[in-house]
Amino acid sequence: MVDISEISLTNEIAREILTYEFISVLYMDGSYIIDPVIDEIYSISPEESIKILDILSEEGYFRKEVVRGAYCRECFSTDLIREYVCPKCHSSRIIKDRILRHKCGYKGVKRAFINSYALKCPKCHAKLYREGEDYFDEGVKYKCIACGAIFDEPMALYRCSRCGAKYFGKPPEMIIINYEKVVI
Ligand SMILES: [Zn+2]
Ligand SMILES: [Zn+2]
Ligand SMILES: [Zn+2]
């Protein structure tokens, strides 16, 4: 019937495993959780359990499905939201606008200079006259409302919508492998 000669373990375990309708393997943070706990029941390692399940799937006894997803290491929620924040203080209160620099040294978003249809420096209150002379347009950038930092590109992070934990770069990933018995 089943060719399990490749498996170093007994044919008996493979035959026992074939009595289950559905087995799922969850891999997160470097460890496996197998449901039902076939690794514990038959005193084999999770890796050996997966190897047997994979061979049985290749033989057509189980339908294997792999699902990958980000999760929060603090609360295990899978609801992570991508956010763009200030690279200096990590606040999400950032605005995109043209950055103007006045000759007095003040630098800020264009909207802060707009004063009843004219451009006026919010620091020294002088009226702006000619770009390149008394003020300079530094192009479109981002400004953080929280700390005042001005930057070219915001920083991307993932925030857990349940507990608020933040992940810079890639968030932790969990892998779920489902083995569903094929009804013949
Ligand atoms: Zn900031
Ligand atoms: Zn000024
Ligand atoms: Zn969380």
# chains A, B, ... in the order shown; residues from 1 in each chain; ligands from 1

$ residues_near_ligand --ligand "ligand 3" --cutoff "10 Å" --atoms "only C-alpha atoms and all ligand atoms" --output "PDB file with N, CA and C atoms, in the first residue's frame"
ATOM      1  N   TYR A  71       2.656  37.882  12.443  1.00  0.00           N
ATOM      2  CA  TYR A  71       1.944  37.869  13.718  1.00  0.00           C
ATOM      3  C   TYR A  71       2.689  38.715  14.739  1.00  0.00           C
ATOM      4  N   CYS A  72       1.979  39.076  15.792  1.00  0.00           N
ATOM      5  CA  CYS A  72       2.578  39.868  16.868  1.00  0.00           C
ATOM      6  C   CYS A  72       3.138  38.920  17.929  1.00  0.00           C
ATOM      7  N   ARG A  73       4.387  39.119  18.249  1.00  0.00           N
ATOM      8  CA  ARG A  73       5.058  38.257  19.223  1.00  0.00           C
ATOM      9  C   ARG A  73       4.543  38.495  20.656  1.00  0.00           C
ATOM     10  N   GLU A  74       3.950  39.675  20.874  1.00  0.00           N
ATOM     11  CA  GLU A  74       3.475  40.016  22.227  1.00  0.00           C
ATOM     12  C   GLU A  74       2.111  39.402  22.536  1.00  0.00           C
ATOM     13  N   CYS A  75       1.193  39.473  21.561  1.00  0.00           N
ATOM     14  CA  CYS A  75      -0.174  39.016  21.862  1.00  0.00           C
ATOM     15  C   CYS A  75      -0.685  37.966  20.874  1.00  0.00           C
ATOM     16  N   PHE A  76       0.143  37.569  19.905  1.00  0.00           N
ATOM     17  CA  PHE A  76      -0.176  36.545  18.897  1.00  0.00           C
ATOM     18  C   PHE A  76      -1.274  36.942  17.918  1.00  0.00           C
ATOM     19  N   SER A  77      -1.623  38.218  17.882  1.00  0.00           N
ATOM     20  CA  SER A  77      -2.615  38.671  16.915  1.00  0.00           C
ATOM     21  C   SER A  77      -1.970  38.656  15.524  1.00  0.00           C
ATOM     22  N   THR A  78      -2.798  38.419  14.510  1.00  0.00           N
ATOM     23  CA  THR A  78      -2.280  38.440  13.141  1.00  0.00           C
ATOM     24  C   THR A  78      -2.668  39.748  12.442  1.00  0.00           C
ATOM     25  N   ASP A  79      -3.282  40.628  13.216  1.00  0.00           N
ATOM     26  CA  ASP A  79      -3.758  41.893  12.670  1.00  0.00           C
ATOM     27  C   ASP A  79      -2.682  42.976  12.774  1.00  0.00           C
ATOM     28  N   LEU A  80      -1.756  42.960  11.811  1.00  0.00           N
ATOM     29  CA  LEU A  80      -0.688  43.943  11.810  1.00  0.00           C
ATOM     30  C   LEU A  80      -0.928  44.944  10.692  1.00  0.00           C
ATOM     31  N   ARG A 159       2.483  47.787  12.906  1.00  0.00           N
ATOM     32  CA  ARG A 159       1.964  47.985  14.254  1.00  0.00           C
ATOM     33  C   ARG A 159       0.826  47.013  14.509  1.00  0.00           C
ATOM     34  N   CYS A 160       0.861  46.368  15.672  1.00  0.00           N
ATOM     35  CA  CYS A 160      -0.192  45.425  16.041  1.00  0.00           C
ATOM     36  C   CYS A 160      -1.420  46.229  16.418  1.00  0.00           C
ATOM     37  N   SER A 161      -2.560  45.934  15.768  1.00  0.00           N
ATOM     38  CA  SER A 161      -3.767  46.715  16.043  1.00  0.00           C
ATOM     39  C   SER A 161      -4.374  46.325  17.379  1.00  0.00           C
ATOM     40  N   ARG A 162      -3.925  45.208  17.952  1.00  0.00           N
ATOM     41  CA  ARG A 162      -4.496  44.775  19.239  1.00  0.00           C
ATOM     42  C   ARG A 162      -3.728  45.348  20.434  1.00  0.00           C
ATOM     43  N   CYS A 163      -2.401  45.175  20.432  1.00  0.00           N
ATOM     44  CA  CYS A 163      -1.638  45.624  21.611  1.00  0.00           C
ATOM     45  C   CYS A 163      -0.719  46.814  21.328  1.00  0.00           C
ATOM     46  N   GLY A 164      -0.603  47.208  20.066  1.00  0.00           N
ATOM     47  CA  GLY A 164       0.200  48.381  19.741  1.00  0.00           C
ATOM     48  C   GLY A 164       1.693  48.123  19.568  1.00  0.00           C
ATOM     49  N   ALA A 165       2.131  46.887  19.698  1.00  0.00           N
ATOM     50  CA  ALA A 165       3.564  46.576  19.530  1.00  0.00           C
ATOM     51  C   ALA A 165       4.008  46.972  18.126  1.00  0.00           C
ATOM     52  N   LYS A 166       5.256  47.489  18.026  1.00  0.00           N
ATOM     53  CA  LYS A 166       5.764  47.941  16.737  1.00  0.00           C
ATOM     54  C   LYS A 166       6.892  47.043  16.261  1.00  0.00           C
TER      55      LYS A 166
END

$ residues_near_ligand --ligand "ligand 1" --cutoff "10 Å" --atoms "only C-alpha atoms and all ligand atoms" --output "PyMOL selection string"
chain A and resi 85-94+143-151+154

$ closest_residue --among "A:Cys124, A:Ile23, A:Ile55, A:Ile13" --to "ligand 2" --atoms "only C-alpha atoms and all ligand atoms"
A:Cys124

$ residues_near_ligand --ligand "ligand 2" --cutoff "6 Å" --atoms "only C-alpha atoms and all ligand atoms" --output "count of residues only"
7

$ residues_around --residues "Glu40 in chain A" --least-positions-apart "6" --cutoff "10 Å" --atoms "only C-alpha atoms" --output "tab-separated table (two decimals) with C-alpha atoms, in the first residue's frame"
chain	number	residue	atom	x	y	z
A	34	ILE	CA	1.34	19.93	16.17
A	46	PRO	CA	8.25	17.42	15.20
A	49	SER	CA	6.36	14.01	12.19

$ atom_distance --atom1 "CA of Ser45 in chain A" --atom2 "CA of Glu173 in chain A"
21.8 Å
